[in-house]
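Q: Starting off with a structure, shown below.
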Number of protein chains: 2
Amino acid sequence: MTILSEVRPGAYFDSVILMQLQRSLADLPGVIDVGVVMATPANKELLAASGLAVESPAGSDDLLIVVKAKDKKMAGDALSQVDGLLASRRRGVTQEFRPHSLDVAVQQLPEAQWALISVPGRYAAGVARNALDVNLNVFLFSDNVPLEDEVDLKNIARDKGLLVMGPDCGTAIINGIGLGFANYVRNGSIGLVAASGTGLQAISTEIHNLGSGVSQAIGTGGRDLSSEVAAITTFQGLDILARDDQTDVIVIVSKPPKPEVATSLLVFARRIGKPIVVDFIGYPPPSRQVGNIHFASNLTDAARLAVHLSKESPEFSVFGEKSVDIDTNQGFLRGLFSGGTLAYEVLLGLQAFLTPIYSNVQIIGSQRLQDVWKSQGHTILDLGEDEFTQGRLHPMMDNDLRLRRLFQEAEDPEASLLLLDIVLGTGAHPDPAAELGPAVAKIRESANQDGRSLEIVVIVVGTDADPQNVDHQVDQLQKAGALVFSDTTGAVEYISQRLAPAVAPPFKPMALNFFREPLAGINVGLEIFYDSLKDQGAKSVQVDWRPPAGGNEKLMDLLAKLK
Amino acid sequence: MTILSEVRPGAYFDSVILMQLQRSLADLPGVIDVGVVMATPANKELLAASGLAVESPAGSDDLLIVVKAKDKKMAGDALSQVDGLLASRRRGVTQEFRPHSLDVAVQQLPEAQWALISVPGRYAAGVARNALDVNLNVFLFSDNVPLEDEVDLKNIARDKGLLVMGPDCGTAIINGIGLGFANYVRNGSIGLVAASGTGLQAISTEIHNLGSGVSQAIGTGGRDLSSEVAAITTFQGLDILARDDQTDVIVIVSKPPKPEVATSLLVFARRIGKPIVVDFIGYPPPSRQVGNIHFASNLTDAARLAVHLSKESPEFSVFGEKSVDIDTNQGFLRGLFSGGTLAYEVLLGLQAFLTPIYSNVQIIGSQRLQDVWKSQGHTILDLGEDEFTQGRLHPMMDNDLRLRRLFQEAEDPEASLLLLDIVLGTGAHPDPAAELGPAVAKIRESANQDGRSLEIVVIVVGTDADPQNVDHQVDQLQKAGALVFSDTTGAVEYISQRLAPAVAPPFKPMALNFFREPLAGINVGLEIFYDSLKDQGAKSVQVDWRPPAGGNEKLMDLLAKLK
């Protein structure tokens with residue numbers, strides 16, 4: 001057996017052509033295995049792992065062809081056919097006129113709204129800038145694009161009311177036409193915004209398989225929900241789907257975003273008058289549902305939830321009305337709990353919406369309250385923790401500590417919402433509302449006199465068989481002016497709406513007609529995507545793209561500066 | 001206004017008595033506020049925060065009484081009544097005979113199965129050891145008990161087939177009787193094991209409010225699922241509820257356990273022939289359901305899921321049969337994905353069951369695969385990551401990289417299950433199964449010849465409208481001998497059962513009659529729990545407990561050594 005190799009320095013070929021060349025060489029007589037790759041370090045490692053190791057100075061910009069054959073002659077014969085095979089591939093290409101630049105392509109297809117870009121990563125940002133210059137939305141399939149370029153491109157797009165999907169955006173469905181990798185799914189009322197390509201494909205597929213359909217599916221690229229990019233495309237996607245009357249339910253899917261990005265998205269989503277299914281894969285969901293937001297636990301679950309919600313008679317008015325009724329309140333929450341898990345669950349629920357939030361049962365280190373005897377900002381305290389119960393009764397039995405803290409919080413002008421829990425049952429205080437109710441009334445009266453807004457929310461856990469009589473407890477609290485919930489879910493839903501800041505994302509709204517007119521796209525890069533648009537009946541032009549300056553980076557830089 | 005205080009050095013009083021003394025003093029003429037506390041640093045801080053600061057050398061073992069009154073005389077008058085009030089409280093106590101030790105109490109109530117212990121933390125472990133010595137199960141309400149004592153007590157109990165619930169166990173319901181804090185709930189078919197007191201109360205309450213009921217509710221104490229305790233009580237609780245024919249559905253609730261503890265519990269739970277609802281509050285659920293395990297997203301959700309499952313006609317046989325059919329397979333998983341999110345979701349699902357597991361899309365740092373070109377142990381690879389796609393086509397288009405890696409994994413004798421995904425749709429390979437199917441057949445044939453067990457599982461994502469025809473893809477793969485699933489959920493369910501190690505927890509099974517006979521309990525500590533047992537119709541004896549050696553720790557140590 002012999003291994004021979006050949007290098008074509010600085011040669012640029014479409015990856016599809018490389019794959020086809022590899023296949024053709026492998027079919028030649030005596031050839032055992034073939035590698036045809038751009039000689040990146042990763043590809044050279046892969047060649048080695050496949051028994052095709054060669055010593056070669058070839059670098060990332062060079063084409064490396066390695067042939068393993070039965071003998072030296074057969075290997076050499078194979079290599080000698082490379083030029084012929086490449087030429088025949090080129091002859092096979094259609095003879096239609098192909099513009100060499102985006103500008104010419106736009107003249108050829110003036111109705112184009114989208115540019116599909118799949119050139120190698122280091123050229124991709126330049127092509128995308130050109131596309132935005134000529135007012136095209138961008139579907140950026142290319143990977144290995146620097147993060148700074150992504151931020152820059154998305155800022156440009158946002159200011160122009162255009163969308164940049166990607167980089168590394170594998171898939172989208174716009175007005176019924178799949179871009180990149182996309183499944184053929186029914187048209188319907190569920191809109192998707194996905195930072196995950198296969199996530200989008202798996203959910204849209206499941207929606208179809210369940211008999212429902214997709215309105216629009218917007219890819220954002222996997223880094224959109226990072227701190228740096230701050231979800232620019234996801235915000236834009238949510239905003240346009242919120243305004244799109246063909247979309248009844250919206251699904252957001254992503255790997256876990258940065259917490260502060262998650263918070264801003266959830267607060268924004270919370271104020272959209274449509275059900276939103278959120279699948280932040282691997283992110284601990286605060287609960288199954290918070291208002292209009294439904295948390296899915298995986299892709300299949302997200303699809304099922306969306307289909308279920310899209311079939312329900314939409315009760316948008318409920319959320320719409322609530323978001324009118326419930327003014328936001330710029331003060332702070334102070335939660336004083338006797339039940340540790342209730343405190344923890346409320347913290348888990350609210351940390352998604354109110355940030356920062358502090359506690360003595362912190363979920364993440366930065367939430368740790370410095371001094372448990374003094375609240376700061378939004379604070380949730382478990383008064384049943386060891387630090388509070390040494391040498392005194394548990395707060396479920398003895399309200400003394402809680403009453404003292406309640407009055408302390410009420411005196412803090414920064415506090416605007418006080419939250420308590422009451423857990424009934426044997427062993428607990430025989431009539432907690434008889435002590436807490438009057439305190440609530442007194443606090444409210446005193447706040448009213450001072451002209452302060454200070455509301456009190458209570459979670460009561462108990463049954464009709466409990467010795468304290470749950471109805472009697474709730475009644476006393478309501479008469480005292482408290483808002484009473486039977487579990488943390490309701491309280492979290494209310495407080496998240498009440499205290500979360502109003503969000504007005506600073507972007508120019510995209511025109512809805514980008515999603516209404518028949519899709520027309522200009523393709524720069526892999527021809528397979530051009531073929532796919534044509535197959536789906538969409539208008540398309542393929543740009544016959546070549547790396548600028550023949551791929552010479554120094555020359556490219558120089559050309560860019562001359563522009 | 002005057003503040004006067006008094007110290008009773010080394011005086012021990014039940015916290016209920018302290019609370020009552022405080023109330024009585026507060027009702028005296030001219031008294032504005034009162035603090036009656038053991039003088040721990042926390043309590044002294046709290047006094048200060050309440051405007052009752054006093055300079056006092058009193059320490060944690062001393063009783064500190066602080067009175068704020070209109071003038072000095074009134075404050076002095078109040079303090080002078082302390083002895084009288086304490087004496088009247090003592091006189092109020094029933095005159096029935098009260099044993100001074102557990103041993104005598106057991107003679108008085110020989111049918112007792114349980115000891116309820118709520119003495120101050122530093123005495124609690126000693127009392128609990130006594131209880132285990134006389135073969136009582138322990139409900140340990142006390143907090144501030146050292147972790148080493150917890151581990152020690154639970155090890156003793158496990159070896160004797162006894163249960164230690166706690167320390168800091170707030171609640172339990174055994175055979176219809178609530179221990180500690182417990183709600184009055186209907187008897188039913190849902191069993192609970194909870195490392196969270198209010199979690200247990202909130203779920204049992206919601207189950208009752210939904211019209212269903214509870215068979216047994218076992219508290220474990222909040223630290224049971226720590227690495228140190230390694231869930232001894234939770235395992236015992238699961239085991240006895242699995243054997244209890246009055247329990248149809250089991251709920252486990254806890255704050256997020258240590259990952260390795262979670263894994264061992266989930267693997268154990270997976271082999272129980274009953275539906276299990278898991279609410280590890282704040283733990284990212286691998287999916288909505290994996291086999292018999294249903295992941296809840298919060299307490300209310302856990303209750304609803306349990307009620308729903310308890311009403312379904314139980315299909316235990318399915319899981320039972322599966323766990324017979326599916327032999328465990330001691331080899332390793334190798335997952336080769338083209339879809340990044342599918343890889344991530346499978347990793348998320350399987351990390352709960354297979355540990356350690358490695359990946360290039362690791363969820364936690366320790367999962368990072370050292371060399372992406374070489375698998376180790378259980379490995380899940382996303383072949384669409386940048387490191388694999390520079391200068392070559394995405395694996396959804398080009399199977400070359402995946403085929404090479406597939407044969408590489410198949411040659412590794414440690415690999416026993418190969419997992420692939422295929423994502424169909426426009427842009428993707430026109431007939432992936434035509435290339436992957438023959439490879440699957442070849443690998444299986446070669447493994448058979450070597451007498452190796454090597455199975456191949458494929459997840460296919462696609463619709464009936466996709467150009468590749470999903471049925472045709474599945475058909476080719478099945479004919480080649482692959483097991484095919486339509487989403488990650490099914491694949492995770494299968495693999496978790498197939499590869500997770502069999503677990504035989506090394507403990508002496510508890511006798512079921514602890515849960516069948518009418519509950520009889522010996523109470524050591526807060527009388528309120530004794531009253532509660534009596535109120536519920538359970539037999540009980542109150543031990544008239546005093547700190548050993550009058551609370552003198554040096555003397556206590558000496559006495560312990562003399563034993």
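Convention: chains lettered A, B, ... in structure tokens order; per-chain residue numbering from 1; ligands numbered from 1 as shown.
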Counting only C-alpha atoms, which residues of chain A sit at most 6 Å from some atom of chain B, and what is each one's closest atom pair with its distance in Å to one decimal, listed by chain and rising residue number, as CSV?

A:
```
residue,atom,partner,partner_atom,distance
A:Ser15,CA,B:Arg392,CA,5.6
A:Met38,CA,B:Gly391,CA,5.1
A:Gly180,CA,B:Gly427,CA,5.5
A:Phe181,CA,B:Gly427,CA,4.6
A:Ala182,CA,B:Gly425,CA,5.0
A:Asn183,CA,B:Gly425,CA,4.0
A:Tyr184,CA,B:Asp466,CA,5.0
A:Thr198,CA,B:Gly339,CA,5.2
A:Gly199,CA,B:Thr341,CA,5.6
A:Thr205,CA,B:Gly462,CA,5.8
A:Gly282,CA,B:Pro284,CA,5.1
A:Tyr283,CA,B:Pro284,CA,5.5
A:Pro284,CA,B:Pro284,CA,4.3
A:Ser287,CA,B:Ser297,CA,5.0
A:Arg288,CA,B:Ser297,CA,5.6
A:Ser297,CA,B:Ser287,CA,5.0
A:Asn298,CA,B:Ser287,CA,5.2
A:Gly339,CA,B:Thr198,CA,5.2
A:Thr341,CA,B:Thr198,CA,5.5
A:Gly391,CA,B:Met38,CA,5.1
A:Arg392,CA,B:Ser15,CA,5.6
A:Leu393,CA,B:Ser15,CA,5.7
A:Gly425,CA,B:Asn183,CA,4.0
A:Thr426,CA,B:Ala182,CA,5.2
A:Gly427,CA,B:Phe181,CA,4.6
A:Ala428,CA,B:Phe181,CA,5.9
A:Gly462,CA,B:Thr205,CA,5.8
A:Thr463,CA,B:Thr205,CA,5.9
A:Ala465,CA,B:Tyr184,CA,5.4
A:Asp466,CA,B:Tyr184,CA,5.0
```

Q: Output N, CA and C atoms of each residue in that selection to a file, as a compact mmCIF listing (two decimals), in the first residue's frame.

A:
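Okay, this is what ended up in selection_18.txt:
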```
# COMPACT_ATOMS: atom_id res chain seq x y z
N SER A 15 -17.11 23.42 -0.73
CA SER A 15 -16.98 22.14 -0.04
C SER A 15 -17.73 21.02 -0.76
N MET A 38 -9.49 21.06 2.93
CA MET A 38 -8.68 22.23 3.22
C MET A 38 -7.81 21.81 4.41
N GLY A 180 -31.57 26.88 4.28
CA GLY A 180 -30.57 25.98 4.87
C GLY A 180 -31.16 24.59 5.02
N PHE A 181 -30.98 23.99 6.19
CA PHE A 181 -31.60 22.70 6.49
C PHE A 181 -33.00 22.97 7.02
N ALA A 182 -34.01 22.45 6.40
CA ALA A 182 -35.35 22.67 6.95
C ALA A 182 -36.26 21.53 6.54
N ASN A 183 -37.12 21.15 7.44
CA ASN A 183 -38.08 20.10 7.13
C ASN A 183 -39.30 20.67 6.44
N TYR A 184 -39.94 19.84 5.65
CA TYR A 184 -41.17 20.23 4.98
C TYR A 184 -42.30 20.06 5.97
N THR A 198 -30.99 22.29 15.18
CA THR A 198 -31.74 21.04 15.27
C THR A 198 -32.90 21.17 16.22
N GLY A 199 -32.80 22.07 17.18
CA GLY A 199 -33.95 22.32 18.04
C GLY A 199 -35.12 22.78 17.21
N THR A 205 -40.74 19.62 13.16
CA THR A 205 -41.09 18.28 12.70
C THR A 205 -42.18 17.68 13.58
N GLY A 282 -31.98 22.68 29.48
CA GLY A 282 -31.06 22.54 30.60
C GLY A 282 -31.14 23.67 31.61
N TYR A 283 -32.03 24.63 31.38
CA TYR A 283 -32.24 25.75 32.31
C TYR A 283 -33.31 25.32 33.28
N PRO A 284 -33.10 25.44 34.59
CA PRO A 284 -34.15 24.99 35.50
C PRO A 284 -35.40 25.85 35.34
N SER A 287 -41.19 27.20 36.84
CA SER A 287 -42.40 26.43 37.10
C SER A 287 -42.91 25.98 35.74
N ARG A 288 -44.04 25.31 35.72
CA ARG A 288 -44.58 24.86 34.45
C ARG A 288 -45.13 26.04 33.66
N SER A 297 -39.86 21.10 29.02
CA SER A 297 -38.67 20.45 29.56
C SER A 297 -37.81 19.82 28.48
N ASN A 298 -38.31 19.65 27.29
CA ASN A 298 -37.44 19.29 26.17
C ASN A 298 -38.12 19.60 24.85
N GLY A 339 -41.75 28.69 55.45
CA GLY A 339 -41.51 27.43 54.74
C GLY A 339 -40.31 27.56 53.84
N THR A 341 -38.89 25.60 51.57
CA THR A 341 -39.02 25.25 50.16
C THR A 341 -39.90 26.24 49.42
N GLY A 391 -32.51 28.49 69.68
CA GLY A 391 -33.03 29.02 70.93
C GLY A 391 -34.36 29.72 70.81
N ARG A 392 -35.07 29.47 69.72
CA ARG A 392 -36.44 29.99 69.63
C ARG A 392 -37.28 29.05 68.79
N LEU A 393 -38.60 29.21 68.87
CA LEU A 393 -39.49 28.31 68.14
C LEU A 393 -39.45 28.59 66.64
N GLY A 425 -51.79 23.24 59.51
CA GLY A 425 -51.65 21.82 59.83
C GLY A 425 -51.34 21.62 61.30
N THR A 426 -51.27 20.36 61.69
CA THR A 426 -50.96 20.03 63.08
C THR A 426 -49.55 20.50 63.41
N GLY A 427 -49.33 20.88 64.66
CA GLY A 427 -48.01 21.35 65.06
C GLY A 427 -47.81 22.83 64.82
N ALA A 428 -48.49 23.38 63.81
CA ALA A 428 -48.31 24.79 63.48
C ALA A 428 -49.16 25.66 64.41
N GLY A 462 -52.76 24.88 52.94
CA GLY A 462 -53.57 24.16 53.93
C GLY A 462 -54.77 23.50 53.29
N THR A 463 -55.42 22.64 54.06
CA THR A 463 -56.59 21.93 53.55
C THR A 463 -57.83 22.31 54.36
N ALA A 465 -59.48 20.29 55.96
CA ALA A 465 -59.51 19.45 57.16
C ALA A 465 -58.52 19.93 58.23
N ASP A 466 -57.65 20.84 57.88
CA ASP A 466 -56.66 21.30 58.86
C ASP A 466 -57.33 21.99 60.04
```

Q: May I have all residues of region 289-408 of chain B that DSSP, computed from the backbone, assigns to alpha helix (DSSP H), given as a PyMOL selection string?

A: chain B and resi 299-311+316-325+340-350+386-389+400-408

Q: Please provide as a VMD selection string all residues within 10 Å of Asp544 (chain B), with the sequence filter that same-chain residues fewer than 6 positions apart are discarded (counting only C-alpha atoms).

A: chain B and resid 97 to 102 105 523 to 525 527

Q: Keeping N, CA, C and O atoms, export the residues of the selection given above as a short mmCIF file (atom, residue, chain, number, x, y, z; two decimals), in the first residue's frame.

A:
```cif
data_model
loop_
_atom_site.label_atom_id
_atom_site.label_comp_id
_atom_site.auth_asym_id
_atom_site.auth_seq_id
_atom_site.Cartn_x
_atom_site.Cartn_y
_atom_site.Cartn_z
N PHE B 97 -48.12 10.74 85.14
CA PHE B 97 -46.73 10.33 85.33
C PHE B 97 -45.94 10.49 84.03
O PHE B 97 -46.40 10.09 82.97
N ARG B 98 -44.81 11.10 84.14
CA ARG B 98 -43.98 11.27 82.94
C ARG B 98 -42.62 10.66 83.18
O ARG B 98 -41.90 11.11 84.08
N PRO B 99 -42.24 9.70 82.34
CA PRO B 99 -40.92 9.10 82.51
C PRO B 99 -39.83 10.13 82.20
O PRO B 99 -40.04 11.05 81.41
N HIS B 100 -38.70 9.97 82.84
CA HIS B 100 -37.60 10.88 82.60
C HIS B 100 -36.62 10.35 81.56
O HIS B 100 -35.67 11.03 81.21
N SER B 101 -36.84 9.13 81.08
CA SER B 101 -35.93 8.59 80.06
C SER B 101 -36.71 7.80 79.03
O SER B 101 -37.84 7.35 79.27
N LEU B 102 -36.07 7.64 77.86
CA LEU B 102 -36.66 6.86 76.78
C LEU B 102 -36.89 5.42 77.20
O LEU B 102 -37.92 4.82 76.87
N ALA B 105 -39.93 5.14 79.11
CA ALA B 105 -41.07 5.44 78.23
C ALA B 105 -41.43 4.22 77.39
O ALA B 105 -42.61 3.92 77.17
N ASN B 523 -42.54 10.97 72.63
CA ASN B 523 -42.13 12.33 72.29
C ASN B 523 -41.10 12.85 73.28
O ASN B 523 -41.32 12.83 74.48
N VAL B 524 -39.97 13.32 72.75
CA VAL B 524 -38.94 13.90 73.59
C VAL B 524 -38.69 15.32 73.08
O VAL B 524 -38.14 15.50 72.00
N GLY B 525 -39.18 16.31 73.85
CA GLY B 525 -38.97 17.69 73.41
C GLY B 525 -40.28 18.45 73.45
O GLY B 525 -41.05 18.30 74.40
N GLU B 527 -43.70 19.84 73.71
CA GLU B 527 -44.95 19.18 74.08
C GLU B 527 -46.04 19.30 73.04
O GLU B 527 -46.96 18.51 72.98
#
```

Q: How far is it from CA of Val346 (chain A) to CA of Asn360 (chain A), in Å with one decimal?

A: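 So the two atoms, CA of Val346 (chain A) and CA of Asn360 (chain A), lie 12.9 Å apart.
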
Q: Grab the CA of Leu241 (chain B) to CA of Gly219 (chain B) distance for me, in Å with one decimal place.

A: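 We find that CA of Leu241 (chain B) and CA of Gly219 (chain B) lie 12.8 Å from each other.
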
Q: Name all residues at most 8 Å from Asp159 (chain A) (count only C-alpha atoms; drop same-chain ones fewer than 4 positions away) and give them as a list in words.

A: Asn155, Phe507 and Lys508 of chain A

Q: When you look at Asp412 (chain B) with a cut-off of 12 Å (counting only C-alpha atoms), what residues show up, excluding the ones that are within fewer than 3 positions of it in the same chain? I need them as a PyMOL selection string.

A: chain B and resi 331-334+374-377+405-409+415-418+443+447+452-454

Q: With a distance cut-off of 12 Å and only C-alpha atoms, select the neighbouring residues of Asp103 (chain A), excluding the residue or stretch itself and same-chain residues fewer than 4 positions from it, and output the selection as a ChimeraX atom specification.

A: /A:99,107-110,112,115,127,129-136,522,524,541,543

Q: Excluding Thr247 (chain B) and residues on its chain fewer than 2 positions from it, collect all residues at most 9 Å away from it, counting only C-alpha atoms, and give them as a PyMOL selection string.

A: chain B and resi 188-191+214-216+241-245+249-250+274

Q: Can I get the selected residues back with all heavy atoms, as a compact mmCIF listing (two decimals), in the first residue's frame?

A:
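again33.txt was written with the following content:
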```
# COMPACT_ATOMS: atom_id res chain seq x y z
N GLY B 188 -54.77 7.92 50.81
CA GLY B 188 -54.84 7.61 49.39
C GLY B 188 -53.66 6.79 48.92
O GLY B 188 -52.99 6.15 49.74
N SER B 189 -53.39 6.85 47.63
CA SER B 189 -52.43 5.91 47.05
C SER B 189 -51.11 6.57 46.65
O SER B 189 -50.29 5.96 45.97
CB SER B 189 -53.06 5.25 45.83
OG SER B 189 -53.30 6.22 44.84
N ILE B 190 -50.90 7.83 47.04
CA ILE B 190 -49.67 8.52 46.65
C ILE B 190 -48.71 8.59 47.84
O ILE B 190 -49.07 9.09 48.90
CB ILE B 190 -49.98 9.94 46.14
CG1 ILE B 190 -50.90 9.88 44.91
CG2 ILE B 190 -48.68 10.69 45.79
CD1 ILE B 190 -51.46 11.21 44.47
N GLY B 191 -47.53 8.03 47.66
CA GLY B 191 -46.51 8.05 48.72
C GLY B 191 -45.49 9.15 48.44
O GLY B 191 -45.15 9.39 47.29
N VAL B 214 -52.96 10.58 50.36
CA VAL B 214 -51.57 10.20 50.62
C VAL B 214 -51.52 8.88 51.38
O VAL B 214 -52.28 8.68 52.33
CB VAL B 214 -50.88 11.32 51.44
CG1 VAL B 214 -49.54 10.87 51.98
CG2 VAL B 214 -50.73 12.58 50.59
N SER B 215 -50.64 7.97 50.95
CA SER B 215 -50.46 6.71 51.70
C SER B 215 -49.50 6.94 52.86
O SER B 215 -49.88 6.80 54.03
CB SER B 215 -49.94 5.61 50.76
OG SER B 215 -48.72 5.99 50.17
N GLN B 216 -48.28 7.30 52.57
CA GLN B 216 -47.29 7.63 53.59
C GLN B 216 -46.52 8.84 53.09
O GLN B 216 -46.31 8.97 51.88
CB GLN B 216 -46.28 6.48 53.79
CG GLN B 216 -46.88 5.10 53.95
CD GLN B 216 -47.56 4.88 55.30
OE1 GLN B 216 -47.36 5.66 56.24
NE2 GLN B 216 -48.38 3.86 55.40
N LEU B 241 -41.73 2.25 50.06
CA LEU B 241 -42.92 2.64 49.29
C LEU B 241 -43.06 1.77 48.04
O LEU B 241 -44.17 1.50 47.59
CB LEU B 241 -42.86 4.12 48.92
CG LEU B 241 -42.98 5.09 50.11
CD1 LEU B 241 -42.85 6.54 49.64
CD2 LEU B 241 -44.31 4.89 50.84
N ALA B 242 -41.94 1.32 47.49
CA ALA B 242 -42.00 0.41 46.34
C ALA B 242 -42.66 -0.91 46.75
O ALA B 242 -43.39 -1.53 45.98
CB ALA B 242 -40.60 0.16 45.78
N ARG B 243 -42.43 -1.35 48.00
CA ARG B 243 -42.99 -2.62 48.47
C ARG B 243 -44.38 -2.46 49.07
O ARG B 243 -45.06 -3.46 49.31
CB ARG B 243 -42.03 -3.23 49.51
CG ARG B 243 -40.74 -3.77 48.90
CD ARG B 243 -39.85 -4.44 49.92
NE ARG B 243 -39.19 -3.49 50.80
CZ ARG B 243 -39.36 -3.42 52.12
NH1 ARG B 243 -40.19 -4.25 52.73
NH2 ARG B 243 -38.71 -2.54 52.85
N ASP B 244 -44.78 -1.22 49.34
CA ASP B 244 -46.06 -0.97 50.01
C ASP B 244 -47.20 -1.04 49.00
O ASP B 244 -47.29 -0.21 48.10
CB ASP B 244 -46.00 0.43 50.66
CG ASP B 244 -47.34 0.83 51.26
OD1 ASP B 244 -48.14 -0.09 51.59
OD2 ASP B 244 -47.59 2.03 51.41
N ASP B 245 -48.10 -2.03 49.16
CA ASP B 245 -49.14 -2.17 48.12
C ASP B 245 -50.24 -1.13 48.26
O ASP B 245 -51.13 -1.07 47.42
CB ASP B 245 -49.70 -3.60 48.08
CG ASP B 245 -50.21 -4.05 49.42
OD1 ASP B 245 -50.45 -3.18 50.28
OD2 ASP B 245 -50.38 -5.27 49.62
N VAL B 249 -48.24 5.43 43.40
CA VAL B 249 -47.38 6.44 42.77
C VAL B 249 -46.49 7.02 43.87
O VAL B 249 -46.94 7.23 44.99
CB VAL B 249 -48.22 7.59 42.16
CG1 VAL B 249 -47.32 8.69 41.62
CG2 VAL B 249 -49.12 7.05 41.06
N ILE B 250 -45.22 7.25 43.55
CA ILE B 250 -44.29 7.80 44.53
C ILE B 250 -43.81 9.18 44.07
O ILE B 250 -43.50 9.35 42.88
CB ILE B 250 -43.07 6.87 44.71
CG1 ILE B 250 -43.54 5.47 45.16
CG2 ILE B 250 -42.09 7.45 45.74
CD1 ILE B 250 -42.42 4.43 45.17
N LYS B 274 -43.23 1.27 39.64
CA LYS B 274 -44.33 2.21 39.87
C LYS B 274 -43.93 3.56 39.28
O LYS B 274 -42.76 3.89 39.21
CB LYS B 274 -44.58 2.40 41.38
CG LYS B 274 -44.98 1.15 42.11
CD LYS B 274 -45.25 1.39 43.60
CE LYS B 274 -45.65 0.06 44.25
NZ LYS B 274 -45.93 0.20 45.70
```

Q: Suppose you want the space between CA of Asn175 (chain A) and CA of Gln246 (chain A); what is it in Å?

A: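 Between these atoms lies a distance of 10.4 Å.
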